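Next comes run02.cif, with mmCIF, C-alpha atoms.
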data_upload
#
loop_
_atom_site.group_PDB
_atom_site.id
_atom_site.type_symbol
_atom_site.label_atom_id
_atom_site.label_comp_id
_atom_site.auth_asym_id
_atom_site.auth_seq_id
_atom_site.Cartn_x
_atom_site.Cartn_y
_atom_site.Cartn_z
ATOM 1 C CA MET J 1 -17.807 -25.386 192.269
ATOM 2 C CA ALA J 2 -17.112 -29.093 192.448
ATOM 3 C CA ASP J 3 -13.438 -28.377 192.880
ATOM 4 C CA ASP J 4 -14.100 -26.174 195.862
ATOM 5 C CA GLN J 5 -16.300 -28.770 197.545
ATOM 6 C CA ARG J 6 -13.403 -31.220 197.714
ATOM 7 C CA LYS J 7 -11.258 -28.786 199.701
ATOM 8 C CA THR J 8 -10.785 -29.300 203.417
ATOM 9 C CA LYS J 9 -12.318 -26.491 205.455
ATOM 10 C CA LYS J 10 -11.314 -26.677 209.058
ATOM 11 C CA THR J 11 -11.432 -24.231 211.957
ATOM 12 C CA VAL J 12 -8.428 -24.556 214.239
ATOM 13 C CA THR J 13 -7.489 -22.784 217.444
ATOM 14 C CA ILE J 14 -3.980 -21.368 217.652
ATOM 15 C CA TYR J 15 -2.873 -19.438 220.726
ATOM 16 C CA GLY J 16 -6.508 -18.842 221.710
ATOM 17 C CA GLN J 17 -7.574 -17.484 218.306
ATOM 18 C CA GLN J 18 -9.667 -19.319 215.752
ATOM 19 C CA TYR J 19 -8.492 -19.608 212.166
ATOM 20 C CA LYS J 20 -10.349 -21.059 209.212
ATOM 21 C CA VAL J 21 -7.952 -23.090 207.097
ATOM 22 C CA VAL J 22 -8.882 -24.060 203.542
ATOM 23 C CA GLY J 23 -6.656 -26.457 201.646
ATOM 24 C CA ASP J 24 -6.169 -29.634 199.687
ATOM 25 C CA GLU J 25 -4.793 -31.548 202.661
ATOM 26 C CA SER J 26 -6.595 -33.939 204.986
ATOM 27 C CA GLU J 27 -8.184 -32.750 208.233
ATOM 28 C CA GLU J 28 -5.493 -34.713 210.111
ATOM 29 C CA HIS J 29 -2.750 -32.802 208.310
ATOM 30 C CA VAL J 30 -4.370 -29.435 209.082
ATOM 31 C CA GLU J 31 -4.811 -30.452 212.745
ATOM 32 C CA GLU J 32 -1.196 -31.623 213.036
ATOM 33 C CA VAL J 33 0.123 -28.347 211.594
ATOM 34 C CA ALA J 34 -2.147 -26.230 213.816
ATOM 35 C CA ARG J 35 -1.120 -28.224 216.913
ATOM 36 C CA LEU J 36 2.572 -27.760 216.060
ATOM 37 C CA VAL J 37 2.170 -23.983 215.640
ATOM 38 C CA ASP J 38 0.044 -23.675 218.796
ATOM 39 C CA GLU J 39 2.549 -25.664 220.869
ATOM 40 C CA LYS J 40 5.508 -23.659 219.600
ATOM 41 C CA MET J 41 3.774 -20.305 220.286
ATOM 42 C CA ASN J 42 2.942 -21.386 223.843
ATOM 43 C CA GLU J 43 6.478 -22.692 224.377
ATOM 44 C CA LEU J 44 7.988 -19.394 223.165
ATOM 45 C CA HIS J 45 5.535 -17.445 225.335
ATOM 46 C CA LYS J 46 6.721 -19.344 228.424
ATOM 47 C CA LEU J 47 10.332 -18.529 227.544
ATOM 48 C CA ASN J 48 9.500 -14.871 226.747
ATOM 49 C CA PRO J 49 6.437 -13.930 228.833
ATOM 50 C CA TYR J 50 6.634 -10.230 227.905
ATOM 51 C CA MET J 51 7.017 -10.691 224.153
ATOM 52 C CA ASP J 52 4.062 -9.420 222.117
ATOM 53 C CA THR J 53 1.928 -11.846 220.136
ATOM 54 C CA THR J 54 3.105 -10.642 216.714
ATOM 55 C CA LYS J 55 6.762 -11.272 217.582
ATOM 56 C CA LEU J 56 5.875 -14.648 219.111
ATOM 57 C CA ALA J 57 4.075 -15.568 215.886
ATOM 58 C CA VAL J 58 6.962 -14.391 213.669
ATOM 59 C CA LEU J 59 9.463 -16.358 215.772
ATOM 60 C CA THR J 60 7.177 -19.384 215.545
ATOM 61 C CA ALA J 61 7.182 -18.979 211.759
ATOM 62 C CA VAL J 62 10.998 -18.758 211.864
ATOM 63 C CA ASN J 63 11.102 -21.927 213.944
ATOM 64 C CA MET J 64 8.786 -23.812 211.560
ATOM 65 C CA GLY J 65 10.826 -22.501 208.616
ATOM 66 C CA HIS J 66 13.992 -23.734 210.323
ATOM 67 C CA GLU J 67 12.519 -27.253 210.700
ATOM 68 C CA TYR J 68 11.473 -27.206 207.047
ATOM 69 C CA VAL J 69 14.797 -25.967 205.639
ATOM 70 C CA SER J 70 16.771 -28.392 207.838
ATOM 71 C CA LEU J 71 14.715 -31.357 206.646
ATOM 72 C CA LYS J 72 14.837 -30.147 203.021
ATOM 73 C CA ASN J 73 18.631 -29.907 203.115
ATOM 74 C CA LEU J 74 18.910 -33.270 204.869
ATOM 75 C CA SER J 75 16.735 -34.929 202.200
ATOM 76 C CA TYR J 76 18.887 -33.301 199.532
ATOM 77 C CA GLU J 77 22.124 -34.556 201.129
ATOM 78 C CA GLN J 78 20.732 -38.085 201.409
ATOM 79 C CA LYS J 79 19.697 -37.994 197.775
ATOM 80 C CA GLU J 80 23.176 -36.820 196.770
ATOM 81 C CA GLU J 81 24.709 -39.712 198.705
ATOM 82 C CA GLU J 82 22.475 -42.253 196.987
ATOM 83 C CA GLU J 83 23.432 -41.100 193.508
ATOM 84 C CA MET O 1 31.333 -19.356 227.520
ATOM 85 C CA ALA O 2 33.156 -21.115 224.738
ATOM 86 C CA ASP O 3 29.995 -22.921 223.747
ATOM 87 C CA ASP O 4 28.146 -19.660 223.375
ATOM 88 C CA GLN O 5 30.865 -18.128 221.220
ATOM 89 C CA ARG O 6 30.356 -20.786 218.579
ATOM 90 C CA LYS O 7 26.686 -19.889 218.150
ATOM 91 C CA THR O 8 25.533 -17.918 215.150
ATOM 92 C CA LYS O 9 24.158 -14.509 216.085
ATOM 93 C CA LYS O 10 22.441 -12.835 213.193
ATOM 94 C CA THR O 11 20.048 -9.915 212.893
ATOM 95 C CA VAL O 12 17.457 -10.465 210.179
ATOM 96 C CA THR O 13 14.650 -8.278 208.883
ATOM 97 C CA ILE O 14 11.224 -9.863 208.584
ATOM 98 C CA TYR O 15 8.245 -7.799 207.441
ATOM 99 C CA GLY O 16 10.088 -4.593 208.293
ATOM 100 C CA GLN O 17 11.021 -5.644 211.836
ATOM 101 C CA GLN O 18 14.461 -6.672 213.007
ATOM 102 C CA TYR O 19 14.947 -9.933 214.905
ATOM 103 C CA LYS O 20 18.110 -11.233 216.517
ATOM 104 C CA VAL O 21 18.400 -14.952 215.863
ATOM 105 C CA VAL O 22 20.779 -17.079 217.939
ATOM 106 C CA GLY O 23 21.366 -20.681 216.947
ATOM 107 C CA ASP O 24 23.680 -23.495 216.016
ATOM 108 C CA GLU O 25 23.027 -23.126 212.291
ATOM 109 C CA SER O 26 25.106 -21.336 209.680
ATOM 110 C CA GLU O 27 24.444 -17.711 208.751
ATOM 111 C CA GLU O 28 23.256 -18.925 205.337
ATOM 112 C CA HIS O 29 20.676 -21.175 206.976
ATOM 113 C CA VAL O 30 19.384 -18.342 209.180
ATOM 114 C CA GLU O 31 19.204 -16.017 206.163
ATOM 115 C CA GLU O 32 17.361 -18.596 204.065
ATOM 116 C CA VAL O 33 14.768 -19.169 206.797
ATOM 117 C CA ALA O 34 14.286 -15.424 207.402
ATOM 118 C CA ARG O 35 13.878 -14.803 203.651
ATOM 119 C CA LEU O 36 11.268 -17.568 203.380
ATOM 120 C CA VAL O 37 9.254 -16.156 206.305
ATOM 121 C CA ASP O 38 9.557 -12.575 205.030
ATOM 122 C CA GLU O 39 8.453 -13.576 201.514
ATOM 123 C CA LYS O 40 5.481 -15.569 202.794
ATOM 124 C CA MET O 41 4.314 -12.729 205.071
ATOM 125 C CA ASN O 42 4.492 -10.235 202.213
ATOM 126 C CA GLU O 43 2.694 -12.656 199.884
ATOM 127 C CA LEU O 44 -0.106 -13.193 202.430
ATOM 128 C CA HIS O 45 -0.329 -9.436 202.995
ATOM 129 C CA LYS O 46 -0.887 -8.872 199.271
ATOM 130 C CA LEU O 47 -3.667 -11.484 199.278
ATOM 131 C CA ASN O 48 -5.197 -10.091 202.520
ATOM 132 C CA PRO O 49 -4.314 -6.380 202.666
ATOM 133 C CA TYR O 50 -6.553 -5.706 205.705
ATOM 134 C CA MET O 51 -5.370 -8.624 207.816
ATOM 135 C CA ASP O 52 -3.495 -7.588 210.972
ATOM 136 C CA THR O 53 0.173 -8.445 211.376
ATOM 137 C CA THR O 54 -0.349 -11.027 214.136
ATOM 138 C CA LYS O 55 -2.750 -13.042 211.992
ATOM 139 C CA LEU O 56 -0.430 -12.726 208.994
ATOM 140 C CA ALA O 57 2.419 -14.056 211.132
ATOM 141 C CA VAL O 58 0.339 -16.947 212.517
ATOM 142 C CA LEU O 59 -0.794 -17.910 209.004
ATOM 143 C CA THR O 60 2.827 -17.723 207.864
ATOM 144 C CA ALA O 61 3.748 -20.088 210.710
ATOM 145 C CA VAL O 62 0.909 -22.394 209.596
ATOM 146 C CA ASN O 63 2.236 -22.278 206.042
ATOM 147 C CA MET O 64 5.806 -23.080 207.131
ATOM 148 C CA GLY O 65 4.455 -25.853 209.374
ATOM 149 C CA HIS O 66 2.524 -27.228 206.414
ATOM 150 C CA GLU O 67 5.694 -27.364 204.283
ATOM 151 C CA TYR O 68 7.535 -29.076 207.124
ATOM 152 C CA VAL O 69 4.854 -31.699 207.864
ATOM 153 C CA SER O 70 4.358 -32.434 204.136
ATOM 154 C CA LEU O 71 8.083 -33.022 203.625
ATOM 155 C CA LYS O 72 8.340 -35.040 206.857
ATOM 156 C CA ASN O 73 5.509 -37.338 205.775
ATOM 157 C CA LEU O 74 6.935 -37.619 202.249
ATOM 158 C CA SER O 75 10.359 -38.631 203.639
ATOM 159 C CA TYR O 76 8.650 -41.172 205.865
ATOM 160 C CA GLU O 77 6.686 -42.642 202.939
ATOM 161 C CA GLN O 78 9.846 -42.895 200.824
ATOM 162 C CA LYS O 79 11.644 -44.636 203.687
ATOM 163 C CA GLU O 80 8.768 -47.098 204.068
ATOM 164 C CA GLU O 81 8.939 -47.879 200.340
ATOM 165 C CA GLU O 82 12.662 -48.547 200.499
ATOM 166 C CA GLU O 83 12.344 -51.030 203.352
#
Final structure tokens representation of the file:
Amino acid sequence: MADDQRKTKKTVTIYGQQYKVVGDESEEHVEEVARLVDEKMNELHKLNPYMDTTKLAVLTAVNMGHEYVSLKNLSYEQKEEEE
Amino acid sequence: MADDQRKTKKTVTIYGQQYKVVGDESEEHVEEVARLVDEKMNELHKLNPYMDTTKLAVLTAVNMGHEYVSLKNLSYEQKEEEE
């Protein structure tokens, strides 16, 4: 499908595992996201060396979600102020 | 410590597992983030019923990271336009 051919297909390495990411975003975007997740998992592993990989990954997701929600609420507050 | 007493300590359930989250954010913020992560993990599980939990969690982290980076870049573009 022509539509499918335009999608970015990129293999990234996160915490030593390879993942194939398919999406509408640029390769740079996919790489930036993968690097962020990889860095956060390694950082959490250093802080909690005995934590299993699933928990590390869930806490990384929580951390990414926290960054997202914080920025979303900040953008919303700024928009409110402007109006 | 007084500083520690002001921190939010909240137990949340994500994908059937309990996690104790400690942070400077409100309980509502912690709950919103946990709900987002839980919903995304369950959504990815429905799409990939045979995927193991670690991979589901990593892909959830990638998804949250994607939302964060997209919003961050959007905010930056809007700021550039305003200047």
Notebook entry, point to check: Mind pulling up the distance from CA of Ala57 (chain J) to CA of His29 (chain J)?
Noted result: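 Answer for the CA of His29 (chain J) to CA of Ala57 (chain J) separation: 20.0 Å.
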_Can you pull out the residues contacting Gly23 (chain J)? Cut-off 7 Å, using all atoms listed in the file, and skip same-chain residues under 6 positions away; I want them as a PyMOL selection string._
chain J and resi 7-9
Based on only C-alpha atoms, which of the residues in chain J come within 10 Å of chain O? I want them as an NGL selection string.
:J and (14-15 or 17 or 19 or 21 or 25 or 29-30 or 32-38 or 40-41 or 52-73 or 75)
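Note that the spacing between CA of Glu39 (chain O) and CA of Met51 (chain O) amounts to 16.0 Å.
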TODO: State, in Å with one decimal place, the distance from CA of Val22 (chain O) to CA of Gly16 (chain J).
DONE: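 So the answer is 27.6 Å.
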